[in-house]
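K.L.:
Input structure: start_11.cif, which contains mmCIF, C-alpha atoms and all ligand atoms.
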data_query
#
loop_
_atom_site.label_atom_id
_atom_site.label_comp_id
_atom_site.auth_asym_id
_atom_site.auth_seq_id
_atom_site.Cartn_x
_atom_site.Cartn_y
_atom_site.Cartn_z
CA MET H 1 -86.39 -135.13 77.90
CA THR H 2 -86.70 -133.47 74.49
CA LYS H 3 -83.35 -132.14 73.35
CA ARG H 4 -83.05 -128.62 72.03
CA LYS H 5 -82.18 -128.37 68.34
CA ILE H 6 -78.88 -126.59 67.87
CA ALA H 7 -76.51 -125.82 64.96
CA ILE H 8 -72.90 -124.72 64.76
CA ILE H 9 -71.65 -121.94 62.50
CA GLY H 10 -67.96 -122.42 61.54
CA LEU H 11 -66.38 -125.88 61.88
CA GLY H 12 -62.85 -124.77 62.76
CA LYS H 13 -60.51 -125.96 65.49
CA ILE H 14 -62.61 -125.14 68.56
CA ALA H 15 -65.84 -126.44 66.99
CA GLN H 16 -64.14 -129.75 66.19
CA ASP H 17 -62.14 -130.06 69.41
CA GLN H 18 -64.93 -129.11 71.83
CA HIS H 19 -68.37 -128.04 70.58
CA LEU H 20 -69.12 -131.06 68.38
CA PRO H 21 -68.00 -133.78 70.86
CA VAL H 22 -69.69 -132.04 73.80
CA ILE H 23 -73.00 -131.58 71.94
CA ASP H 24 -72.79 -135.21 70.72
CA LYS H 25 -72.86 -136.47 74.32
CA SER H 26 -75.21 -133.78 75.71
CA ASP H 27 -78.56 -134.69 77.27
CA SER H 28 -79.83 -131.18 76.53
CA PHE H 29 -78.87 -130.53 72.89
CA GLU H 30 -79.18 -132.29 69.56
CA LEU H 31 -77.01 -131.13 66.66
CA VAL H 32 -79.32 -130.80 63.66
CA ALA H 33 -77.14 -128.86 61.18
CA VAL H 34 -73.83 -127.14 60.61
CA THR H 35 -72.79 -124.18 58.50
CA SER H 36 -69.37 -124.59 56.95
CA GLN H 37 -67.86 -122.45 54.20
CA ARG H 38 -65.58 -125.36 53.30
CA GLY H 39 -68.53 -127.78 53.26
CA LEU H 40 -67.34 -129.90 56.21
CA THR H 41 -69.86 -132.34 57.67
CA HIS H 42 -70.39 -134.05 61.00
CA ARG H 43 -72.09 -137.41 61.57
CA GLY H 44 -74.34 -136.95 58.56
CA VAL H 45 -76.19 -133.83 59.77
CA PRO H 46 -76.97 -131.45 56.89
CA THR H 47 -74.26 -128.92 56.02
CA PHE H 48 -75.14 -125.49 54.65
CA LYS H 49 -72.88 -122.94 53.02
CA THR H 50 -74.65 -120.03 54.72
CA PRO H 51 -76.78 -119.58 57.85
CA ALA H 52 -79.60 -118.08 55.73
CA GLU H 53 -79.97 -121.37 53.81
CA MET H 54 -79.92 -123.29 57.09
CA TYR H 55 -82.62 -121.12 58.70
CA ARG H 56 -84.85 -121.57 55.64
CA ALA H 57 -84.36 -125.35 55.56
CA ILE H 58 -84.72 -126.03 59.31
CA PRO H 59 -87.36 -123.65 60.70
CA ASP H 60 -87.56 -125.44 64.08
CA LEU H 61 -83.86 -124.88 64.78
CA GLU H 62 -83.79 -123.24 68.23
CA ALA H 63 -80.22 -122.12 68.86
CA VAL H 64 -76.86 -121.63 67.18
CA SER H 65 -73.28 -121.63 68.47
CA ILE H 66 -71.13 -119.15 66.56
CA CYS H 67 -67.58 -120.53 66.38
CA THR H 68 -66.07 -118.33 63.65
CA PRO H 69 -63.22 -115.86 64.16
CA PRO H 70 -64.46 -112.70 65.95
CA ASP H 71 -64.41 -110.30 63.00
CA VAL H 72 -67.51 -111.87 61.42
CA ARG H 73 -69.35 -112.77 64.64
CA HIS H 74 -71.53 -109.63 64.86
CA GLY H 75 -73.06 -110.16 61.40
CA PHE H 76 -73.82 -113.83 62.08
CA ALA H 77 -75.26 -112.93 65.51
CA ILE H 78 -77.66 -110.28 64.20
CA GLU H 79 -78.77 -112.58 61.35
CA ALA H 80 -79.44 -115.41 63.83
CA LEU H 81 -81.38 -113.15 66.20
CA ASP H 82 -83.48 -111.86 63.29
CA ALA H 83 -84.20 -115.49 62.38
CA GLY H 84 -85.49 -116.03 65.95
CA LYS H 85 -82.58 -118.13 67.24
CA ASP H 86 -81.00 -118.10 70.70
CA LEU H 87 -77.23 -117.64 70.66
CA LEU H 88 -74.08 -119.06 72.16
CA LEU H 89 -71.07 -116.94 71.23
CA GLU H 90 -67.46 -118.16 71.33
CA LYS H 91 -64.98 -115.79 72.89
CA PRO H 92 -64.14 -112.99 72.28
CA THR H 93 -67.78 -111.91 71.99
CA ALA H 94 -67.22 -109.59 69.00
CA ALA H 95 -64.46 -107.67 67.27
CA THR H 96 -65.41 -104.36 68.93
CA LEU H 97 -67.28 -103.17 72.00
CA ALA H 98 -69.89 -101.37 69.89
CA GLU H 99 -70.63 -104.63 68.04
CA ALA H 100 -70.91 -106.48 71.35
CA ALA H 101 -73.33 -103.84 72.68
CA ASP H 102 -75.36 -104.00 69.47
CA ILE H 103 -75.76 -107.79 69.81
CA ALA H 104 -77.10 -107.29 73.36
CA ALA H 105 -79.53 -104.57 72.29
CA HIS H 106 -80.73 -106.63 69.34
CA ALA H 107 -81.26 -109.72 71.49
CA LYS H 108 -83.36 -107.68 73.91
CA LYS H 109 -85.45 -106.30 71.05
CA ARG H 110 -85.99 -109.80 69.66
CA GLY H 111 -86.56 -111.46 73.07
CA ARG H 112 -83.74 -113.99 72.52
CA VAL H 113 -81.26 -115.57 74.96
CA ILE H 114 -77.58 -114.72 74.40
CA PHE H 115 -74.64 -116.34 76.14
CA ALA H 116 -71.17 -114.78 75.80
CA THR H 117 -68.95 -117.70 76.75
CA TRP H 118 -65.56 -117.38 78.45
CA HIS H 119 -64.44 -120.99 78.60
CA SER H 120 -61.61 -120.49 81.10
CA GLN H 121 -64.11 -119.35 83.73
CA PHE H 122 -65.75 -122.80 83.68
CA ASN H 123 -63.34 -124.52 86.03
CA PRO H 124 -63.98 -125.57 89.65
CA ALA H 125 -60.52 -124.17 90.55
CA VAL H 126 -61.64 -120.74 89.33
CA ASP H 127 -64.85 -121.00 91.40
CA GLU H 128 -62.76 -121.93 94.47
CA ALA H 129 -60.33 -119.03 93.96
CA THR H 130 -63.29 -116.64 93.54
CA ALA H 131 -64.79 -117.80 96.85
CA LEU H 132 -61.45 -117.57 98.70
CA LEU H 133 -60.65 -114.07 97.44
CA ALA H 134 -64.17 -112.77 98.16
CA GLY H 135 -63.36 -113.26 101.84
CA ALA H 136 -59.60 -112.71 101.88
CA GLY H 137 -59.08 -109.73 99.53
CA VAL H 138 -56.15 -109.30 97.12
CA LYS H 139 -52.72 -107.88 97.93
CA SER H 140 -51.12 -108.64 94.58
CA LEU H 141 -51.89 -110.57 91.42
CA ARG H 142 -49.70 -111.47 88.47
CA ILE H 143 -50.93 -113.12 85.26
CA GLU H 144 -48.42 -115.03 83.15
CA TRP H 145 -50.02 -116.39 79.95
CA ARG H 146 -47.26 -117.41 77.58
CA GLU H 147 -47.44 -119.96 74.77
CA ASP H 148 -45.99 -120.79 71.37
CA VAL H 149 -48.25 -119.35 68.64
CA ARG H 150 -46.91 -121.93 66.16
CA LYS H 151 -48.15 -124.73 68.42
CA TRP H 152 -51.56 -123.28 69.34
CA HIS H 153 -52.58 -121.39 66.20
CA PRO H 154 -50.80 -123.19 63.35
CA GLY H 155 -51.54 -121.43 60.07
CA GLN H 156 -54.37 -119.28 61.55
CA ASP H 157 -53.53 -116.10 59.68
CA TRP H 158 -56.65 -114.33 60.97
CA VAL H 159 -55.00 -113.90 64.41
CA TRP H 160 -52.50 -111.52 62.79
CA GLU H 161 -55.10 -109.47 60.86
CA PRO H 162 -56.91 -106.37 62.20
CA GLY H 163 -59.69 -107.66 64.48
CA GLY H 164 -57.75 -110.89 65.09
CA PHE H 165 -56.60 -109.89 68.60
CA GLY H 166 -53.04 -111.29 68.32
CA VAL H 167 -51.77 -112.53 71.67
CA PHE H 168 -54.94 -111.15 73.27
CA ASP H 169 -56.72 -114.16 71.72
CA PRO H 170 -55.31 -116.41 74.49
CA GLY H 171 -54.71 -113.46 76.84
CA ILE H 172 -58.43 -112.70 77.03
CA ASN H 173 -58.91 -116.14 78.59
CA ALA H 174 -56.70 -115.04 81.49
CA LEU H 175 -58.60 -111.74 81.67
CA SER H 176 -61.89 -113.63 81.87
CA ILE H 177 -60.57 -115.44 84.97
CA PHE H 178 -59.15 -112.16 86.32
CA VAL H 179 -62.53 -110.33 86.21
CA LYS H 180 -64.26 -113.33 87.77
CA ILE H 181 -61.94 -113.90 90.76
CA LEU H 182 -61.30 -110.26 91.71
CA PRO H 183 -63.63 -108.93 94.42
CA PHE H 184 -63.44 -105.45 92.85
CA THR H 185 -63.43 -103.85 89.38
CA PRO H 186 -60.04 -103.65 87.62
CA PHE H 187 -58.96 -100.93 85.16
CA VAL H 188 -56.10 -100.81 82.69
CA LYS H 189 -53.51 -98.31 83.98
CA SER H 190 -50.88 -98.77 81.26
CA ALA H 191 -49.86 -101.28 78.62
CA GLU H 192 -46.96 -102.10 76.33
CA LEU H 193 -47.90 -103.82 73.07
CA THR H 194 -45.18 -105.39 70.92
CA TYR H 195 -46.00 -105.90 67.23
CA PRO H 196 -43.96 -107.91 64.72
CA ALA H 197 -42.88 -105.46 62.00
CA ASN H 198 -44.93 -107.34 59.36
CA ARG H 199 -48.11 -107.99 61.41
CA GLN H 200 -51.22 -106.05 62.51
CA THR H 201 -51.70 -107.51 66.00
CA PRO H 202 -49.39 -107.85 69.02
CA ILE H 203 -47.17 -110.86 69.73
CA GLY H 204 -46.43 -109.72 73.30
CA VAL H 205 -48.34 -107.52 75.76
CA LYS H 206 -47.61 -106.31 79.27
CA VAL H 207 -50.42 -104.65 81.23
CA ALA H 208 -50.54 -102.89 84.60
CA PHE H 209 -53.96 -102.57 86.22
CA SER H 210 -55.46 -100.51 89.00
CA GLY H 211 -58.60 -101.39 90.90
CA THR H 212 -61.47 -99.98 92.90
CA ASP H 213 -59.97 -101.59 96.03
CA PRO H 214 -58.78 -98.70 98.27
CA ASP H 215 -55.50 -100.55 99.10
CA SER H 216 -54.46 -100.45 95.40
CA PRO H 217 -53.11 -103.98 95.00
CA ALA H 218 -50.33 -104.58 92.43
CA LEU H 219 -52.00 -106.21 89.40
CA SER H 220 -50.20 -107.13 86.18
CA ALA H 221 -50.38 -109.35 83.10
CA ASP H 222 -47.73 -110.71 80.75
CA PHE H 223 -49.06 -112.26 77.53
CA ASP H 224 -46.57 -113.67 75.06
CA TRP H 225 -46.69 -115.85 71.97
CA ARG H 226 -42.92 -116.42 71.80
CA GLU H 227 -42.73 -119.00 74.61
CA GLN H 228 -40.75 -122.08 73.68
CA GLY H 229 -41.45 -125.43 75.34
CA ASP H 230 -44.35 -125.85 77.75
CA GLU H 231 -46.97 -123.15 77.88
CA LYS H 232 -47.29 -121.06 81.03
CA TRP H 233 -50.92 -120.35 81.77
CA HIS H 234 -51.02 -119.28 85.38
CA ILE H 235 -52.11 -116.55 87.77
CA GLU H 236 -50.32 -115.97 91.09
CA ILE H 237 -52.20 -114.13 93.80
CA GLU H 238 -51.28 -113.07 97.30
CA SER H 239 -54.26 -112.49 99.56
CA LYS H 240 -54.36 -109.66 102.08
CA GLY H 241 -53.80 -112.26 104.81
CA GLY H 242 -50.55 -113.39 103.12
CA HIS H 243 -51.82 -116.65 101.57
CA LYS H 244 -50.39 -117.54 98.19
CA LEU H 245 -52.87 -118.82 95.59
CA ARG H 246 -51.76 -120.16 92.23
CA LEU H 247 -54.21 -120.92 89.44
CA PHE H 248 -52.43 -123.01 86.82
CA ARG H 249 -53.05 -125.26 83.79
CA GLY H 250 -55.20 -122.46 82.34
CA GLY H 251 -57.37 -122.29 85.46
CA ALA H 252 -57.98 -126.04 85.79
CA SER H 253 -55.86 -126.34 88.97
CA LEU H 254 -55.45 -124.32 92.15
CA SER H 255 -52.82 -124.46 94.87
CA VAL H 256 -52.94 -122.57 98.16
CA ASP H 257 -49.65 -122.03 100.02
CA GLY H 258 -48.01 -124.71 97.88
CA HIS H 259 -50.69 -127.40 98.39
CA VAL H 260 -52.84 -128.37 95.42
CA THR H 261 -56.47 -127.95 96.51
CA VAL H 262 -58.29 -128.40 93.19
CA GLU H 263 -57.01 -130.45 90.27
CA GLN H 264 -59.54 -131.72 87.77
CA PRO H 265 -59.60 -132.72 84.14
CA SER H 266 -60.81 -129.79 82.06
CA GLU H 267 -64.56 -129.98 81.38
CA GLU H 268 -65.01 -126.35 80.39
CA TYR H 269 -67.25 -126.96 77.40
CA GLU H 270 -69.42 -129.54 79.19
CA ARG H 271 -70.11 -126.86 81.79
CA ILE H 272 -70.66 -124.20 79.13
CA TYR H 273 -73.42 -126.26 77.47
CA GLU H 274 -74.97 -127.10 80.87
CA ARG H 275 -75.07 -123.38 81.60
CA PHE H 276 -76.59 -122.63 78.17
CA ALA H 277 -79.34 -125.19 78.83
CA GLU H 278 -80.08 -123.54 82.19
CA LEU H 279 -80.20 -120.10 80.58
CA LEU H 280 -82.59 -121.35 77.89
CA ASP H 281 -84.84 -122.97 80.51
CA ARG H 282 -85.03 -119.68 82.39
CA ARG H 283 -85.04 -117.49 79.25
CA GLU H 284 -82.13 -115.50 80.74
CA SER H 285 -78.98 -114.17 79.11
CA ASP H 286 -75.41 -114.24 80.44
CA TYR H 287 -73.49 -111.53 78.66
CA ASP H 288 -70.40 -110.13 80.38
CA THR H 289 -68.14 -108.18 78.03
CA SER H 290 -65.69 -106.92 80.68
CA PRO H 291 -62.75 -109.06 79.42
CA LEU H 292 -63.26 -107.50 75.98
CA GLN H 293 -63.36 -104.03 77.57
CA LEU H 294 -59.96 -104.62 79.20
CA VAL H 295 -58.46 -105.63 75.85
CA GLY H 296 -59.97 -102.54 74.19
CA ASP H 297 -58.63 -100.31 76.96
CA ALA H 298 -55.13 -101.82 76.70
CA MET H 299 -55.25 -101.07 72.95
CA MET H 300 -56.40 -97.49 73.68
CA VAL H 301 -53.83 -96.53 76.31
CA GLY H 302 -51.03 -98.91 75.28
CA ARG H 303 -47.60 -97.88 74.09
CA ARG H 304 -46.64 -99.54 70.78
CA LEU H 305 -43.27 -101.26 70.27
CA THR H 306 -42.02 -103.06 67.16
CA THR H 307 -40.06 -106.31 67.02
CA ASP H 308 -38.72 -108.75 64.40
CA PRO H 309 -41.09 -109.82 61.60
CA PHE H 310 -43.06 -113.03 62.31
CA ASP H 311 -43.45 -115.83 59.77
CA TRP H 312 -44.86 -119.29 60.36
P1 LIG T 401 -60.32 -121.60 63.15
O1 LIG T 401 -59.75 -122.96 63.35
O2 LIG T 401 -59.65 -120.67 62.22
O3 LIG T 401 -61.84 -121.84 62.73
C1 LIG T 401 -62.75 -120.83 62.46
C2 LIG T 401 -63.74 -121.37 61.42
O4 LIG T 401 -64.74 -120.39 61.20
C3 LIG T 401 -63.10 -121.62 60.05
O5 LIG T 401 -62.48 -122.87 60.00
C4 LIG T 401 -64.29 -121.51 59.13
O6 LIG T 401 -65.00 -122.75 59.22
C5 LIG T 401 -65.13 -120.44 59.82
N1 LIG T 401 -64.84 -119.13 59.22
C6 LIG T 401 -63.67 -118.51 59.13
N2 LIG T 401 -63.79 -117.33 58.52
C7 LIG T 401 -65.08 -117.19 58.24
C8 LIG T 401 -65.83 -116.18 57.62
N3 LIG T 401 -65.28 -115.07 57.16
N4 LIG T 401 -67.15 -116.39 57.49
C9 LIG T 401 -67.71 -117.52 57.93
N5 LIG T 401 -67.05 -118.50 58.54
C10 LIG T 401 -65.75 -118.34 58.70
O7 LIG T 401 -60.45 -120.84 64.53
P2 LIG T 401 -60.68 -121.44 65.99
O8 LIG T 401 -59.38 -121.70 66.64
O9 LIG T 401 -61.69 -122.53 65.94
O10 LIG T 401 -61.26 -120.14 66.71
C11 LIG T 401 -62.58 -119.70 66.47
C12 LIG T 401 -63.00 -118.88 67.68
O11 LIG T 401 -62.98 -119.73 68.84
C13 LIG T 401 -62.04 -117.71 67.98
O12 LIG T 401 -62.76 -116.59 68.39
C14 LIG T 401 -61.18 -118.24 69.13
O13 LIG T 401 -60.74 -117.21 69.99
C15 LIG T 401 -62.17 -119.16 69.84
N6 LIG T 401 -61.51 -120.23 70.60
C16 LIG T 401 -60.51 -120.99 70.03
C17 LIG T 401 -59.89 -121.97 70.79
C18 LIG T 401 -58.80 -122.86 70.22
O14 LIG T 401 -58.22 -123.66 70.96
N7 LIG T 401 -58.50 -122.80 68.93
C19 LIG T 401 -60.26 -122.18 72.10
C20 LIG T 401 -61.32 -121.45 72.63
C21 LIG T 401 -61.93 -120.47 71.86
P3 LIG T 401 -65.85 -123.34 57.99
O15 LIG T 401 -64.97 -123.40 56.81
O16 LIG T 401 -66.28 -124.68 58.50
O17 LIG T 401 -66.98 -122.39 57.79
#
Kindly transcribe the structure held in the file into structure tokens.
Ligand code: NAP

P.N.:
Amino acid sequence: MTKRKIAIIGLGKIAQDQHLPVIDKSDSFELVAVTSQRGLTHRGVPTFKTPAEMYRAIPDLEAVSICTPPDVRHGFAIEALDAGKDLLLEKPTAATLAEAADIAAHAKKRGRVIFATWHSQFNPAVDEATALLAGAGVKSLRIEWREDVRKWHPGQDWVWEPGGFGVFDPGINALSIFVKILPFTPFVKSAELTYPANRQTPIGVKVAFSGTDPDSPALSADFDWREQGDEKWHIEIESKGGHKLRLFRGGASLSVDGHVTVEQPSEEYERIYERFAELLDRRESDYDTSPLQLVGDAMMVGRRLTTDPFDW
């Protein structure tokens, strides 16, 4: 099988941890170039300082994965679409909803495939929870997504800048699972956003949601970057029939009434690239921005609190 020629824009943490190794072993993709501001290289493929140089030098490049921080994603996406490339976008899709909508409109105009990835959705435990809740309904759901920012984002100052999302950067992963497993549409009812006095994005967020389900289940989220020790990435759900589901390890594991029913090593990015290959074969896009909408809504209706300054 001929592999599709792909390039990565931005060789930061997620590109190095996941995209590069997964593409290296993929049957569907061949890495033919990278764009890196710092001039990083990978296995001898050509490195370019800008995407424009890369598009000129490699005209048969088919697709790009954009792995930069979100504030510059829209510009790189539009440039890639104009150069005739299909797109895989790291989460969160863009810095604003208008930018995300513009990428979709532009892709349609150009006839390109776009894939807004939400890596936490790509777990068999999440698929299983989705199937169970489709039949059982939801009585209550509580997200707890707490981690130590110094451990998971060491030195990444962009997370504290406007457009950097703060604790919503990991929190949106939980929201991407939330919108997938719920058998109805959730809305942000209220939110409390806690900002360090010297930073532009929140370090802690609490959200209460409502839903289109007529029984109004209790739905809440607690995102925090001040957790010490092990991270807590879990979602506890009670079904209408009284069963207790727990998605844990970031969505990689599921227990039902205390018994672990799905526990697998995380292969989120392997599944993401399999899905991208399928989408390219079918010339279809997969572009759900609802997790981004929930973050935007929490920012719009949220109450702002201030806490101690944060320094690395
Ligand atoms: P990161 O380590 O800071 O890497 C981002 C890279 O993008 C930089 O190293 C730089 O690479 C490039 N870049 C930064 N600013 C740029 C600019 N203004 N113009 C062009 N390129 C720029 O960040 P990350 O953790 O990989 O996160 C990147 C995205 O992936 C975020 O949206 C994040 O939410 C998502 N993500 C991260 C993780 C994780 O575990 N870290 C997991 C899943 C998803 P070059 O110098 O090589 O150009």

K.L.:
For a quick check of understanding, using all atoms listed in the file, which of H:Asp286, H:Ala197, H:Leu292, H:Ile235 has the smallest distance to ligand LIG 401 (chain T)?

P.N.:
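Residue with the minimum atom-to-atom distance to ligand LIG 401 (chain T): H:Leu292.
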
K.L.:
Using all atoms listed in the file, collect all residues at a distance of at most 8 Å from (-50.2, -105.8, 78.4) as written in the file, then present them as a short mmCIF file (atom, residue, chain, number, x, y, z; two decimals) with C-alpha atoms, keeping the file's coordinate frame.

P.N.:
data_model
loop_
_atom_site.label_atom_id
_atom_site.label_comp_id
_atom_site.auth_asym_id
_atom_site.auth_seq_id
_atom_site.Cartn_x
_atom_site.Cartn_y
_atom_site.Cartn_z
CA SER H 190 -50.88 -98.77 81.26
CA ALA H 191 -49.86 -101.28 78.62
CA GLU H 192 -46.96 -102.10 76.33
CA LEU H 193 -47.90 -103.82 73.07
CA GLY H 204 -46.43 -109.72 73.30
CA VAL H 205 -48.34 -107.52 75.76
CA LYS H 206 -47.61 -106.31 79.27
CA VAL H 207 -50.42 -104.65 81.23
CA ALA H 208 -50.54 -102.89 84.60
CA SER H 220 -50.20 -107.13 86.18
CA ALA H 221 -50.38 -109.35 83.10
CA ASP H 222 -47.73 -110.71 80.75
CA PHE H 223 -49.06 -112.26 77.53
CA ALA H 298 -55.13 -101.82 76.70
CA GLY H 302 -51.03 -98.91 75.28
#

K.L.:
Could you give me the axis-aligned bounding box of ligand LIG 401 (chain T), with 8 Å of padding per side, as centre plus edge lengths in Å to one decimal, as AutoDock Vina command-line options?

P.N.:
--center_x -63.0 --center_y -119.9 --center_z 64.7 --size_x 25.5 --size_y 25.6 --size_z 31.8

K.L.:
I'd like the interatomic distance between CA of His19 (chain H) and CA of Ser36 (chain H), to a tenth of an Å.

P.N.:
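Computing it gives 14.1 Å between the two atoms.
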
K.L.:
Leaving out region 148-159 of chain H and any residue of its chain fewer than 2 positions from it, which residues lie within 10 Å of it when counting all atoms listed in the file, given as a PyMOL selection string?

P.N.:
chain H and resi 13+69-71+146+161-170+199-203+224-232+311-312

K.L.:
Just write the chosen residues, C-alpha atoms, as a short mmCIF file (atom, residue, chain, number, x, y, z; two decimals), in the coordinates of the input.

P.N.:
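Saved to selection.cif:
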data_model
loop_
_atom_site.label_atom_id
_atom_site.label_comp_id
_atom_site.auth_asym_id
_atom_site.auth_seq_id
_atom_site.Cartn_x
_atom_site.Cartn_y
_atom_site.Cartn_z
CA LYS H 13 -60.51 -125.96 65.49
CA PRO H 69 -63.22 -115.86 64.16
CA PRO H 70 -64.46 -112.70 65.95
CA ASP H 71 -64.41 -110.30 63.00
CA ARG H 146 -47.26 -117.41 77.58
CA GLU H 161 -55.10 -109.47 60.86
CA PRO H 162 -56.91 -106.37 62.20
CA GLY H 163 -59.69 -107.66 64.48
CA GLY H 164 -57.75 -110.89 65.09
CA PHE H 165 -56.60 -109.89 68.60
CA GLY H 166 -53.04 -111.29 68.32
CA VAL H 167 -51.77 -112.53 71.67
CA PHE H 168 -54.94 -111.15 73.27
CA ASP H 169 -56.72 -114.16 71.72
CA PRO H 170 -55.31 -116.41 74.49
CA ARG H 199 -48.11 -107.99 61.41
CA GLN H 200 -51.22 -106.05 62.51
CA THR H 201 -51.70 -107.51 66.00
CA PRO H 202 -49.39 -107.85 69.02
CA ILE H 203 -47.17 -110.86 69.73
CA ASP H 224 -46.57 -113.67 75.06
CA TRP H 225 -46.69 -115.85 71.97
CA ARG H 226 -42.92 -116.42 71.80
CA GLU H 227 -42.73 -119.00 74.61
CA GLN H 228 -40.75 -122.08 73.68
CA GLY H 229 -41.45 -125.43 75.34
CA ASP H 230 -44.35 -125.85 77.75
CA GLU H 231 -46.97 -123.15 77.88
CA LYS H 232 -47.29 -121.06 81.03
CA ASP H 311 -43.45 -115.83 59.77
CA TRP H 312 -44.86 -119.29 60.36
#

K.L.:
Around (-58.4, -120.8, 93.4), as given in the file, which residues come within 6 Å? Count only C-alpha atoms and list them as a list in words.

P.N.:
Ala125, Val126, Glu128, Ala129, Leu247 and Leu254 of chain H

K.L.:
Compile the contact shell of Leu31 (chain H) as a tab-separated table (two decimals) with C-alpha atoms, in the coordinates of the input: residues with an atom at most 8 Å away, counting only C-alpha atoms, same-chain residues fewer than 6 positions apart removed.

P.N.:
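Final file, out_5.tsv:
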chain	number	residue	atom	x	y	z
H	5	LYS	CA	-82.18	-128.37	68.34
H	6	ILE	CA	-78.88	-126.59	67.87
H	7	ALA	CA	-76.51	-125.82	64.96
H	8	ILE	CA	-72.90	-124.72	64.76
H	23	ILE	CA	-73.00	-131.58	71.94
H	24	ASP	CA	-72.79	-135.21	70.72
H	45	VAL	CA	-76.19	-133.83	59.77
